[in-house]
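Trainee: Contents of target-v4.pdb (PDB, C-alpha atoms, pLDDT in the B column):
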```
ATOM      1  CA  MET A   1     -42.475 291.532-218.036  1.00 88.00           C
ATOM      2  CA  LYS A   2     -45.899 289.895-217.995  1.00 92.00           C
ATOM      3  CA  ASN A   3     -47.845 289.590-214.759  1.00 95.00           C
ATOM      4  CA  ILE A   4     -49.493 286.197-214.344  1.00 96.00           C
ATOM      5  CA  LEU A   5     -51.903 284.971-211.685  1.00 97.00           C
ATOM      6  CA  PHE A   6     -52.466 281.248-211.123  1.00 96.00           C
ATOM      7  CA  VAL A   7     -55.650 280.381-209.220  1.00 95.00           C
ATOM      8  CA  LEU A   8     -56.168 276.923-207.708  1.00 92.00           C
ATOM      9  CA  PRO A   9     -58.515 275.516-205.051  1.00 88.00           C
ATOM     10  CA  THR A  10     -55.987 274.707-202.329  1.00 85.00           C
ATOM     11  CA  LEU A  11     -52.419 273.677-201.596  1.00 83.00           C
ATOM     12  CA  ARG A  12     -53.431 271.354-198.787  1.00 73.00           C
ATOM     13  CA  ASN A  13     -54.064 268.127-200.688  1.00 63.00           C
ATOM     14  CA  GLY A  14     -51.025 268.016-202.939  1.00 64.00           C
ATOM     15  CA  GLY A  15     -51.481 265.536-205.777  1.00 75.00           C
ATOM     16  CA  GLY A  16     -50.943 265.734-209.506  1.00 82.00           C
ATOM     17  CA  VAL A  17     -52.326 269.228-210.030  1.00 87.00           C
ATOM     18  CA  ILE A  18     -49.933 270.692-207.461  1.00 88.00           C
ATOM     19  CA  ARG A  19     -46.998 268.733-208.864  1.00 88.00           C
ATOM     20  CA  GLY A  20     -47.863 269.959-212.349  1.00 90.00           C
ATOM     21  CA  LEU A  21     -47.873 273.549-211.118  1.00 92.00           C
ATOM     22  CA  GLN A  22     -44.569 273.069-209.273  1.00 90.00           C
ATOM     23  CA  ASN A  23     -42.904 271.743-212.410  1.00 90.00           C
ATOM     24  CA  MET A  24     -44.293 274.526-214.587  1.00 92.00           C
ATOM     25  CA  LEU A  25     -43.226 277.290-212.204  1.00 92.00           C
ATOM     26  CA  SER A  26     -39.727 275.878-211.820  1.00 89.00           C
ATOM     27  CA  LEU A  27     -39.230 276.077-215.586  1.00 88.00           C
ATOM     28  CA  MET A  28     -40.670 279.552-216.214  1.00 90.00           C
ATOM     29  CA  PRO A  29     -38.069 282.312-216.807  1.00 89.00           C
ATOM     30  CA  THR A  30     -38.132 284.939-214.067  1.00 88.00           C
ATOM     31  CA  ASP A  31     -36.859 287.629-216.445  1.00 90.00           C
ATOM     32  CA  LYS A  32     -40.054 287.384-218.499  1.00 93.00           C
ATOM     33  CA  TYR A  33     -42.797 286.744-215.950  1.00 94.00           C
ATOM     34  CA  VAL A  34     -43.872 288.005-212.534  1.00 94.00           C
ATOM     35  CA  ILE A  35     -46.015 285.198-211.137  1.00 96.00           C
ATOM     36  CA  HIS A  36     -48.487 285.176-208.259  1.00 96.00           C
ATOM     37  CA  VAL A  37     -50.323 282.088-206.988  1.00 94.00           C
ATOM     38  CA  LEU A  38     -53.689 282.336-205.228  1.00 94.00           C
ATOM     39  CA  PRO A  39     -55.093 279.307-203.350  1.00 91.00           C
ATOM     40  CA  MET A  40     -58.842 279.944-203.073  1.00 90.00           C
ATOM     41  CA  GLY A  41     -59.267 278.033-199.827  1.00 83.00           C
ATOM     42  CA  TYR A  42     -57.174 278.583-196.713  1.00 75.00           C
ATOM     43  CA  SER A  43     -54.569 275.848-196.567  1.00 63.00           C
ATOM     44  CA  ASP A  44     -51.388 274.999-194.769  1.00 59.00           C
ATOM     45  CA  SER A  45     -48.835 275.275-197.560  1.00 55.00           C
ATOM     46  CA  ASN A  46     -45.742 274.574-195.451  1.00 56.00           C
ATOM     47  CA  ASN A  47     -45.196 271.249-197.193  1.00 72.00           C
ATOM     48  CA  VAL A  48     -45.581 272.681-200.701  1.00 80.00           C
ATOM     49  CA  VAL A  49     -42.657 274.578-202.234  1.00 82.00           C
ATOM     50  CA  LEU A  50     -43.466 276.794-205.208  1.00 87.00           C
ATOM     51  CA  GLU A  51     -40.510 278.366-206.991  1.00 88.00           C
ATOM     52  CA  ASN A  52     -40.324 281.586-209.017  1.00 91.00           C
ATOM     53  CA  CYS A  53     -43.561 283.026-207.645  1.00 92.00           C
ATOM     54  CA  ARG A  54     -45.196 284.885-204.785  1.00 92.00           C
ATOM     55  CA  LEU A  55     -47.880 283.049-202.817  1.00 90.00           C
ATOM     56  CA  LEU A  56     -50.786 285.406-202.095  1.00 91.00           C
ATOM     57  CA  ASP A  57     -52.573 285.516-198.759  1.00 87.00           C
ATOM     58  CA  ASP A  58     -55.914 283.791-198.522  1.00 85.00           C
ATOM     59  CA  ASN A  59     -59.041 285.765-199.378  1.00 90.00           C
ATOM     60  CA  PHE A  60     -61.754 285.304-196.736  1.00 90.00           C
ATOM     61  CA  VAL A  61     -64.588 285.512-199.266  1.00 90.00           C
ATOM     62  CA  LEU A  62     -63.057 282.719-201.338  1.00 91.00           C
ATOM     63  CA  THR A  63     -62.099 280.727-198.255  1.00 90.00           C
ATOM     64  CA  SER A  64     -65.669 280.820-196.957  1.00 88.00           C
ATOM     65  CA  ILE A  65     -66.826 279.215-200.215  1.00 88.00           C
ATOM     66  CA  THR A  66     -64.134 276.622-200.851  1.00 86.00           C
ATOM     67  CA  ALA A  67     -62.415 275.677-197.582  1.00 83.00           C
ATOM     68  CA  ILE A  68     -63.382 272.608-195.564  1.00 81.00           C
ATOM     69  CA  TYR A  69     -64.153 273.910-192.079  1.00 83.00           C
ATOM     70  CA  THR A  70     -62.746 270.902-190.211  1.00 80.00           C
ATOM     71  CA  GLU A  71     -59.376 271.429-191.934  1.00 78.00           C
ATOM     72  CA  CYS A  72     -59.108 275.041-190.759  1.00 79.00           C
ATOM     73  CA  LYS A  73     -58.459 274.494-187.051  1.00 80.00           C
ATOM     74  CA  ASP A  74     -55.653 277.057-186.982  1.00 80.00           C
ATOM     75  CA  TYR A  75     -57.419 279.618-189.166  1.00 82.00           C
ATOM     76  CA  LYS A  76     -57.384 283.038-187.486  1.00 82.00           C
ATOM     77  CA  TRP A  77     -60.941 283.873-188.610  1.00 86.00           C
ATOM     78  CA  ARG A  78     -62.380 280.439-187.808  1.00 87.00           C
ATOM     79  CA  LEU A  79     -65.481 281.740-185.979  1.00 87.00           C
ATOM     80  CA  LEU A  80     -66.364 284.040-188.877  1.00 89.00           C
ATOM     81  CA  LEU A  81     -65.724 281.157-191.240  1.00 87.00           C
ATOM     82  CA  TRP A  82     -68.235 279.032-189.330  1.00 89.00           C
ATOM     83  CA  VAL A  83     -70.817 281.817-189.608  1.00 90.00           C
ATOM     84  CA  ALA A  84     -70.213 282.198-193.352  1.00 87.00           C
ATOM     85  CA  LYS A  85     -70.423 278.432-193.906  1.00 88.00           C
ATOM     86  CA  THR A  86     -73.681 278.292-191.934  1.00 90.00           C
ATOM     87  CA  VAL A  87     -75.216 281.097-194.004  1.00 90.00           C
ATOM     88  CA  LEU A  88     -74.199 279.410-197.253  1.00 87.00           C
ATOM     89  CA  ARG A  89     -75.659 276.131-196.026  1.00 89.00           C
ATOM     90  CA  LEU A  90     -78.975 277.853-195.263  1.00 88.00           C
ATOM     91  CA  LEU A  91     -78.946 279.525-198.676  1.00 86.00           C
ATOM     92  CA  GLY A  92     -78.390 276.099-200.190  1.00 85.00           C
ATOM     93  CA  MET A  93     -81.548 274.841-198.495  1.00 86.00           C
ATOM     94  CA  LEU A  94     -83.394 277.762-200.087  1.00 84.00           C
ATOM     95  CA  LYS A  95     -81.904 276.998-203.528  1.00 88.00           C
ATOM     96  CA  LEU A  96     -80.061 280.331-203.433  1.00 88.00           C
ATOM     97  CA  ARG A  97     -76.470 279.169-202.869  1.00 87.00           C
ATOM     98  CA  VAL A  98     -75.415 279.263-206.542  1.00 87.00           C
ATOM     99  CA  SER A  99     -76.573 282.858-206.976  1.00 90.00           C
ATOM    100  CA  ALA A 100     -74.966 283.901-203.691  1.00 89.00           C
ATOM    101  CA  VAL A 101     -71.619 282.279-204.576  1.00 89.00           C
ATOM    102  CA  ASN A 102     -71.659 283.949-207.978  1.00 89.00           C
ATOM    103  CA  CYS A 103     -72.140 287.363-206.337  1.00 92.00           C
ATOM    104  CA  MET A 104     -69.326 286.606-203.873  1.00 92.00           C
ATOM    105  CA  PHE A 105     -67.010 285.628-206.737  1.00 92.00           C
ATOM    106  CA  LYS A 106     -67.781 288.886-208.552  1.00 93.00           C
ATOM    107  CA  TYR A 107     -67.015 290.868-205.408  1.00 92.00           C
ATOM    108  CA  ALA A 108     -63.737 289.021-204.702  1.00 92.00           C
ATOM    109  CA  SER A 109     -62.585 289.223-208.327  1.00 93.00           C
ATOM    110  CA  LYS A 110     -62.178 293.022-208.158  1.00 93.00           C
ATOM    111  CA  LYS A 111     -59.075 292.589-205.993  1.00 93.00           C
ATOM    112  CA  TYR A 112     -57.251 290.693-208.751  1.00 94.00           C
ATOM    113  CA  SER A 113     -57.915 292.801-211.841  1.00 91.00           C
ATOM    114  CA  GLY A 114     -55.078 294.140-213.949  1.00 90.00           C
ATOM    115  CA  TYR A 115     -53.050 290.978-214.578  1.00 95.00           C
ATOM    116  CA  ASP A 116     -51.881 290.287-218.121  1.00 95.00           C
ATOM    117  CA  ILE A 117     -52.863 286.634-217.775  1.00 96.00           C
ATOM    118  CA  VAL A 118     -55.048 284.886-215.207  1.00 97.00           C
ATOM    119  CA  ILE A 119     -55.050 281.088-215.205  1.00 97.00           C
ATOM    120  CA  ALA A 120     -57.749 278.956-213.609  1.00 97.00           C
ATOM    121  CA  TYR A 121     -55.449 276.019-212.947  1.00 95.00           C
ATOM    122  CA  GLU A 122     -58.202 273.507-212.233  1.00 92.00           C
ATOM    123  CA  GLU A 123     -61.721 272.897-213.469  1.00 92.00           C
ATOM    124  CA  GLY A 124     -64.688 273.680-211.230  1.00 90.00           C
ATOM    125  CA  LEU A 125     -64.737 276.556-208.748  1.00 92.00           C
ATOM    126  CA  CYS A 126     -61.468 278.029-210.057  1.00 93.00           C
ATOM    127  CA  THR A 127     -63.005 278.431-213.495  1.00 95.00           C
ATOM    128  CA  HIS A 128     -66.225 279.834-212.043  1.00 94.00           C
ATOM    129  CA  PHE A 129     -64.212 282.457-210.143  1.00 95.00           C
ATOM    130  CA  VAL A 130     -61.662 283.435-212.804  1.00 96.00           C
ATOM    131  CA  GLN A 131     -64.385 284.146-215.388  1.00 96.00           C
ATOM    132  CA  HIS A 132     -65.128 287.321-213.392  1.00 95.00           C
ATOM    133  CA  ILE A 133     -61.548 288.634-213.152  1.00 95.00           C
ATOM    134  CA  ASN A 134     -60.779 291.551-215.451  1.00 94.00           C
ATOM    135  CA  ALA A 135     -57.594 290.496-217.270  1.00 94.00           C
ATOM    136  CA  ALA A 136     -56.119 290.850-220.742  1.00 92.00           C
ATOM    137  CA  ARG A 137     -56.242 287.068-221.152  1.00 95.00           C
ATOM    138  CA  ARG A 138     -57.976 284.315-219.197  1.00 97.00           C
ATOM    139  CA  ILE A 139     -56.858 280.700-219.500  1.00 97.00           C
ATOM    140  CA  ALA A 140     -58.691 277.629-218.192  1.00 97.00           C
ATOM    141  CA  TRP A 141     -56.681 274.480-217.418  1.00 96.00           C
ATOM    142  CA  ILE A 142     -58.483 271.122-217.395  1.00 94.00           C
ATOM    143  CA  HIS A 143     -56.797 268.163-215.685  1.00 91.00           C
ATOM    144  CA  CYS A 144     -59.660 265.684-215.496  1.00 88.00           C
ATOM    145  CA  ASP A 145     -61.824 263.484-217.693  1.00 87.00           C
ATOM    146  CA  TYR A 146     -64.478 266.135-218.196  1.00 89.00           C
ATOM    147  CA  THR A 147     -67.268 263.626-218.789  1.00 87.00           C
ATOM    148  CA  ARG A 148     -66.696 262.163-215.317  1.00 86.00           C
ATOM    149  CA  TYR A 149     -66.431 265.627-213.820  1.00 87.00           C
ATOM    150  CA  LEU A 150     -69.882 266.493-215.167  1.00 87.00           C
ATOM    151  CA  GLU A 151     -71.306 263.352-213.600  1.00 85.00           C
ATOM    152  CA  ILE A 152     -69.987 264.515-210.219  1.00 84.00           C
ATOM    153  CA  VAL A 153     -71.362 268.064-210.483  1.00 82.00           C
ATOM    154  CA  GLY A 154     -74.749 267.008-211.826  1.00 80.00           C
ATOM    155  CA  ASN A 155     -74.283 267.429-215.594  1.00 77.00           C
ATOM    156  CA  ARG A 156     -74.716 271.198-215.463  1.00 83.00           C
ATOM    157  CA  SER A 157     -73.548 273.050-218.559  1.00 88.00           C
ATOM    158  CA  GLU A 158     -70.495 275.303-218.182  1.00 91.00           C
ATOM    159  CA  GLU A 159     -70.295 276.327-221.823  1.00 93.00           C
ATOM    160  CA  THR A 160     -71.123 279.993-221.163  1.00 94.00           C
ATOM    161  CA  ILE A 161     -68.397 280.081-218.508  1.00 94.00           C
ATOM    162  CA  TYR A 162     -65.713 278.685-220.803  1.00 95.00           C
ATOM    163  CA  GLN A 163     -66.749 281.111-223.548  1.00 96.00           C
ATOM    164  CA  LYS A 164     -65.230 283.870-221.385  1.00 95.00           C
ATOM    165  CA  PHE A 165     -61.751 282.300-221.657  1.00 97.00           C
ATOM    166  CA  GLN A 166     -59.426 283.094-224.556  1.00 96.00           C
ATOM    167  CA  ASN A 167     -57.641 279.747-224.151  1.00 97.00           C
ATOM    168  CA  ILE A 168     -58.665 276.363-222.772  1.00 97.00           C
ATOM    169  CA  VAL A 169     -55.792 273.969-222.087  1.00 96.00           C
ATOM    170  CA  CYS A 170     -56.288 270.234-221.486  1.00 95.00           C
ATOM    171  CA  VAL A 171     -53.474 268.054-220.164  1.00 93.00           C
ATOM    172  CA  SER A 172     -53.800 265.371-222.852  1.00 91.00           C
ATOM    173  CA  LYS A 173     -55.336 264.718-226.254  1.00 93.00           C
ATOM    174  CA  TYR A 174     -57.784 262.301-224.601  1.00 91.00           C
ATOM    175  CA  THR A 175     -58.881 265.006-222.143  1.00 92.00           C
ATOM    176  CA  LEU A 176     -59.268 267.489-224.989  1.00 95.00           C
ATOM    177  CA  GLU A 177     -61.362 265.129-227.113  1.00 94.00           C
ATOM    178  CA  ASN A 178     -63.704 264.393-224.198  1.00 92.00           C
ATOM    179  CA  PHE A 179     -64.124 268.104-223.504  1.00 94.00           C
ATOM    180  CA  LEU A 180     -64.845 268.979-227.134  1.00 95.00           C
ATOM    181  CA  ALA A 181     -67.311 266.107-227.440  1.00 94.00           C
ATOM    182  CA  ILE A 182     -69.439 268.052-224.952  1.00 94.00           C
ATOM    183  CA  TYR A 183     -68.629 271.607-226.095  1.00 95.00           C
ATOM    184  CA  PRO A 184     -67.684 271.455-229.818  1.00 96.00           C
ATOM    185  CA  SER A 185     -68.270 275.209-230.132  1.00 95.00           C
ATOM    186  CA  LEU A 186     -65.120 275.810-228.039  1.00 96.00           C
ATOM    187  CA  ARG A 187     -62.750 274.035-230.432  1.00 96.00           C
ATOM    188  CA  SER A 188     -61.072 277.191-231.742  1.00 95.00           C
ATOM    189  CA  GLN A 189     -59.725 278.231-228.324  1.00 95.00           C
ATOM    190  CA  SER A 190     -58.955 274.726-227.032  1.00 96.00           C
ATOM    191  CA  THR A 191     -55.720 272.741-227.178  1.00 96.00           C
ATOM    192  CA  PHE A 192     -53.747 270.248-225.118  1.00 94.00           C
ATOM    193  CA  ILE A 193     -50.382 270.585-223.402  1.00 94.00           C
ATOM    194  CA  HIS A 194     -48.915 267.690-221.465  1.00 92.00           C
ATOM    195  CA  ASN A 195     -47.841 268.349-217.890  1.00 90.00           C
ATOM    196  CA  LEU A 196     -44.287 269.636-217.868  1.00 88.00           C
ATOM    197  CA  LEU A 197     -41.515 267.551-216.346  1.00 85.00           C
ATOM    198  CA  ASP A 198     -38.376 268.938-214.749  1.00 82.00           C
ATOM    199  CA  VAL A 199     -36.056 266.368-216.317  1.00 86.00           C
ATOM    200  CA  ARG A 200     -32.976 267.814-214.610  1.00 85.00           C
ATOM    201  CA  ARG A 201     -34.522 267.363-211.171  1.00 83.00           C
ATOM    202  CA  ILE A 202     -35.569 263.798-211.963  1.00 86.00           C
ATOM    203  CA  GLN A 203     -32.065 262.929-213.126  1.00 91.00           C
ATOM    204  CA  GLU A 204     -30.508 264.465-210.023  1.00 89.00           C
ATOM    205  CA  SER A 205     -32.925 262.597-207.751  1.00 86.00           C
ATOM    206  CA  SER A 206     -32.052 259.309-209.442  1.00 84.00           C
ATOM    207  CA  THR A 207     -28.423 259.642-208.293  1.00 87.00           C
ATOM    208  CA  GLU A 208     -29.265 260.230-204.633  1.00 86.00           C
ATOM    209  CA  GLU A 209     -28.321 257.471-202.208  1.00 83.00           C
ATOM    210  CA  CYS A 210     -31.281 255.345-201.143  1.00 78.00           C
ATOM    211  CA  TRP A 211     -31.098 253.684-197.708  1.00 80.00           C
ATOM    212  CA  ASP A 212     -34.491 251.962-197.844  1.00 81.00           C
ATOM    213  CA  TYR A 213     -33.956 248.197-197.428  1.00 76.00           C
ATOM    214  CA  ALA A 214     -37.002 247.571-199.661  1.00 78.00           C
ATOM    215  CA  PHE A 215     -35.111 248.834-202.705  1.00 78.00           C
ATOM    216  CA  ALA A 216     -32.315 246.382-203.446  1.00 72.00           C
ATOM    217  CA  LYS A 217     -29.603 247.641-205.792  1.00 74.00           C
ATOM    218  CA  ASP A 218     -29.443 244.457-207.840  1.00 80.00           C
ATOM    219  CA  ILE A 219     -33.058 244.656-208.980  1.00 84.00           C
ATOM    220  CA  VAL A 220     -35.311 247.343-210.461  1.00 86.00           C
ATOM    221  CA  THR A 221     -38.287 248.210-208.249  1.00 86.00           C
ATOM    222  CA  LEU A 222     -41.305 249.691-210.024  1.00 88.00           C
ATOM    223  CA  VAL A 223     -43.720 251.730-207.897  1.00 88.00           C
ATOM    224  CA  SER A 224     -47.146 253.043-208.920  1.00 88.00           C
ATOM    225  CA  VAL A 225     -48.562 255.814-206.755  1.00 85.00           C
ATOM    226  CA  GLY A 226     -52.120 257.154-206.936  1.00 83.00           C
ATOM    227  CA  ARG A 227     -55.626 256.839-205.598  1.00 80.00           C
ATOM    228  CA  ILE A 228     -57.493 253.611-206.341  1.00 83.00           C
ATOM    229  CA  ASP A 229     -59.743 254.976-209.061  1.00 78.00           C
ATOM    230  CA  PRO A 230     -60.584 253.593-212.535  1.00 77.00           C
ATOM    231  CA  VAL A 231     -59.180 256.721-214.196  1.00 73.00           C
ATOM    232  CA  LYS A 232     -55.713 255.827-212.840  1.00 81.00           C
ATOM    233  CA  GLN A 233     -55.887 252.496-214.737  1.00 86.00           C
ATOM    234  CA  PHE A 234     -54.110 250.364-212.133  1.00 92.00           C
ATOM    235  CA  TYR A 235     -56.051 247.432-213.580  1.00 92.00           C
ATOM    236  CA  ARG A 236     -53.643 247.500-216.534  1.00 93.00           C
ATOM    237  CA  ILE A 237     -50.592 246.710-214.398  1.00 94.00           C
ATOM    238  CA  PRO A 238     -50.972 242.885-214.521  1.00 94.00           C
ATOM    239  CA  GLN A 239     -51.248 243.071-218.319  1.00 95.00           C
ATOM    240  CA  ILE A 240     -48.124 245.242-218.545  1.00 94.00           C
ATOM    241  CA  ILE A 241     -46.138 242.958-216.231  1.00 95.00           C
ATOM    242  CA  ALA A 242     -47.207 239.887-218.199  1.00 96.00           C
ATOM    243  CA  GLU A 243     -46.020 241.516-221.430  1.00 96.00           C
ATOM    244  CA  MET A 244     -42.681 242.452-219.859  1.00 95.00           C
ATOM    245  CA  LYS A 245     -42.104 238.844-218.764  1.00 95.00           C
ATOM    246  CA  LYS A 246     -43.141 237.625-222.205  1.00 96.00           C
ATOM    247  CA  GLN A 247     -40.400 239.810-223.706  1.00 96.00           C
ATOM    248  CA  GLY A 248     -37.817 238.356-221.319  1.00 95.00           C
ATOM    249  CA  VAL A 249     -37.607 241.169-218.771  1.00 92.00           C
ATOM    250  CA  THR A 250     -37.266 239.562-215.359  1.00 88.00           C
ATOM    251  CA  ASN A 251     -34.932 241.717-213.244  1.00 89.00           C
ATOM    252  CA  PHE A 252     -37.651 243.794-211.610  1.00 90.00           C
ATOM    253  CA  ARG A 253     -40.095 243.797-208.739  1.00 87.00           C
TER     254      ARG A 253
END
```
Would you mind writing the file out in structure tokens?

Mentor:
Amino acid sequence: MKNILFVLPTLRNGGGVIRGLQNMLSLMPTDKYVIHVLPMGYSDSNNVVLENCRLLDDNFVLTSITAIYTECKDYKWRLLLWVAKTVLRLLGMLKLRVSAVNCMFKYASKKYSGYDIVIAYEEGLCTHFVQHINAARRIAWIHCDYTRYLEIVGNRSEETIYQKFQNIVCVSKYTLENFLAIYPSLRSQSTFIHNLLDVRRIQESSTEECWDYAFAKDIVTLVSVGRIDPVKQFYRIPQIIAEMKKQGVTNFR
């Protein structure tokens, strides 16, 4: 049995990363893996169901770095969290926040040593934290267009961080190519794996009775869900619909 730890920023926001993790966990054999999941920031996970794993309690050190204070109204250590956030904000003004956070990550990482595999299941702070965990194998998972991610974080190099991971997994060939265009030296440990889909669950859901008047049974309704962002490529929908009509497909909305 291998012991695996998944680390992610939070369970509060849901979204594609959480859905990807849910699908992966549901398909992993419990007779081969003992899986723990650690959300770095305190979050209300009541609406997120994770199968075949144990959800670890929040770590105050990590929560003080990653959690959004206004979203922690029911947090039992909220006053201490406010103090920690204030100190980090002051350190930021003194250009010392990065060094302080790095020291805090090193301190918190000691609690999670000894796993066979530790997976930083999202780019950014997860990767920065997991690099310090003593594990037989560290894996970094990249879900985003890394070139855009760098624009957001100020184009700081993370090459030395990723060098501490035995494997780097991107969710598509496009994501992988963008990552390697920036860090070609990491090619040997990098690959891409598409997000897993629980086909059985999708098929079962498709047979459930739908009582929503908006979905008529005599017509196919296509729904696109996501944030309005260029990376989601909603601008392609009119082109796709036009091509469908051109090919004679009309029974849809």

Trainee: What's around Ala84 (chain A) at 10 Å? Count all atoms listed in the file, leave out sequence neighbours fewer than 2 positions away in its own chain, and write the answer as a list in words.

Mentor: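 Returned residues: Phe60, Val61, Thr63, Ser64, Ile65, Arg78, Leu79, Leu80, Leu81, Trp82, Thr86, Val87, Leu88, Arg89 and Leu90 of chain A.
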
Trainee: Assuming the chain letters and numbering stay as they are in my file, what does the PyMOL selection byres ((chain A and resi 146) around 12) actually select? List them as an MDAnalysis selection string.

Mentor: chainID A and resid 122:124 141:145 147:153 155:158 170:172 174:183 231

Trainee: I'd like to see the residues matched by the PyMOL selection byres ((chain A and resi 21) around 9) on this file, and ideally I'd get them as a ChimeraX atom specification.

Mentor: /A:6,16-20,22-26,50,121,195-196

Trainee: What is the distance, in Å and to one decimal place, between CA of Val49 (chain A) and CA of Glu209 (chain A)?

Mentor: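 That distance, rounded to one decimal, is 22.3 Å.
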
Trainee: Determine the residue membership of the PyMOL selection byres ((chain A and resi 134) around 6) for the file above and supply it as a list in words.

Mentor: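 Listing what the PyMOL selection byres ((chain A and resi 134) around 6) selects in the shown file: Ser113, Ile133 and Ala135 of chain A.
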
Trainee: Just how far from CA of Phe129 (chain A) is CA of Phe105 (chain A), in Å to one decimal?

Mentor: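 CA of Phe129 (chain A) lies 5.4 Å from CA of Phe105 (chain A).
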
Trainee: With distances taken over only C-alpha atoms, which of A:Gly92, A:Pro39, A:Gly114, A:Gly226 is nearest to Leu56 (chain A)?

Mentor: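 Nearest candidate to Leu56 (chain A) out of A:Gly92, A:Pro39, A:Gly114, A:Gly226: A:Pro39.
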
Trainee: For the point (-46.4, 241.6, -215.4) in the file's frame, write as a short mmCIF file (atom, residue, chain, number, x, y, z; two decimals) with C-alpha atoms, in the coordinates of the input all residues with an atom no more than 12 Å away, counting only C-alpha atoms.

Mentor:
```cif
data_model
loop_
_atom_site.label_atom_id
_atom_site.label_comp_id
_atom_site.auth_asym_id
_atom_site.auth_seq_id
_atom_site.Cartn_x
_atom_site.Cartn_y
_atom_site.Cartn_z
CA LEU A 222 -41.30 249.69 -210.02
CA TYR A 235 -56.05 247.43 -213.58
CA ARG A 236 -53.64 247.50 -216.53
CA ILE A 237 -50.59 246.71 -214.40
CA PRO A 238 -50.97 242.88 -214.52
CA GLN A 239 -51.25 243.07 -218.32
CA ILE A 240 -48.12 245.24 -218.54
CA ILE A 241 -46.14 242.96 -216.23
CA ALA A 242 -47.21 239.89 -218.20
CA GLU A 243 -46.02 241.52 -221.43
CA MET A 244 -42.68 242.45 -219.86
CA LYS A 245 -42.10 238.84 -218.76
CA LYS A 246 -43.14 237.62 -222.20
CA GLN A 247 -40.40 239.81 -223.71
CA GLY A 248 -37.82 238.36 -221.32
CA VAL A 249 -37.61 241.17 -218.77
CA THR A 250 -37.27 239.56 -215.36
CA ASN A 251 -34.93 241.72 -213.24
CA PHE A 252 -37.65 243.79 -211.61
CA ARG A 253 -40.10 243.80 -208.74
#
```

Trainee: Using Å and a single decimal, report how far CA of Val37 (chain A) sits from CA of Gln189 (chain A).

Mentor: 23.6 Å

Trainee: Counting only C-alpha atoms, which of A:Cys72, A:Ile228, A:Leu55, A:Ala136 gets nearest to Tyr42 (chain A)?

Mentor: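 Distance minimum relative to Tyr42 (chain A) lands on A:Cys72.
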
Trainee: Produce the centre coordinates and the three edge lengths, each in Å to one decimal, of the box along x, y and z that contains all listed atoms of region 74-82 of chain A with 8 Å added on each side, as AutoDock Vina command-line options.

Mentor:
```
--center_x -61.9 --center_y 280.5 --center_z -188.6 --size_x 28.6 --size_y 23.0 --size_z 21.3
```

Trainee: Write out as a PyMOL selection string the residues lying within 10 Å of Gln131 (chain A), counting all atoms listed in the file and excluding same-chain residues fewer than 6 positions away.

Mentor: chain A and resi 105-106+109+118-120+138-140+160-165

Trainee: Keeping only C-alpha atoms, write the selected residues as a PDB file, in the frame of the given file.

Mentor:
```pdb
ATOM      1  CA  PHE A 105     -67.010 285.628-206.737  1.00 92.00           C
ATOM      2  CA  LYS A 106     -67.781 288.886-208.552  1.00 93.00           C
ATOM      3  CA  SER A 109     -62.585 289.223-208.327  1.00 93.00           C
ATOM      4  CA  VAL A 118     -55.048 284.886-215.207  1.00 97.00           C
ATOM      5  CA  ILE A 119     -55.050 281.088-215.205  1.00 97.00           C
ATOM      6  CA  ALA A 120     -57.749 278.956-213.609  1.00 97.00           C
ATOM      7  CA  ARG A 138     -57.976 284.315-219.197  1.00 97.00           C
ATOM      8  CA  ILE A 139     -56.858 280.700-219.500  1.00 97.00           C
ATOM      9  CA  ALA A 140     -58.691 277.629-218.192  1.00 97.00           C
ATOM     10  CA  THR A 160     -71.123 279.993-221.163  1.00 94.00           C
ATOM     11  CA  ILE A 161     -68.397 280.081-218.508  1.00 94.00           C
ATOM     12  CA  TYR A 162     -65.713 278.685-220.803  1.00 95.00           C
ATOM     13  CA  GLN A 163     -66.749 281.111-223.548  1.00 96.00           C
ATOM     14  CA  LYS A 164     -65.230 283.870-221.385  1.00 95.00           C
ATOM     15  CA  PHE A 165     -61.751 282.300-221.657  1.00 97.00           C
TER      16      PHE A 165
END
```
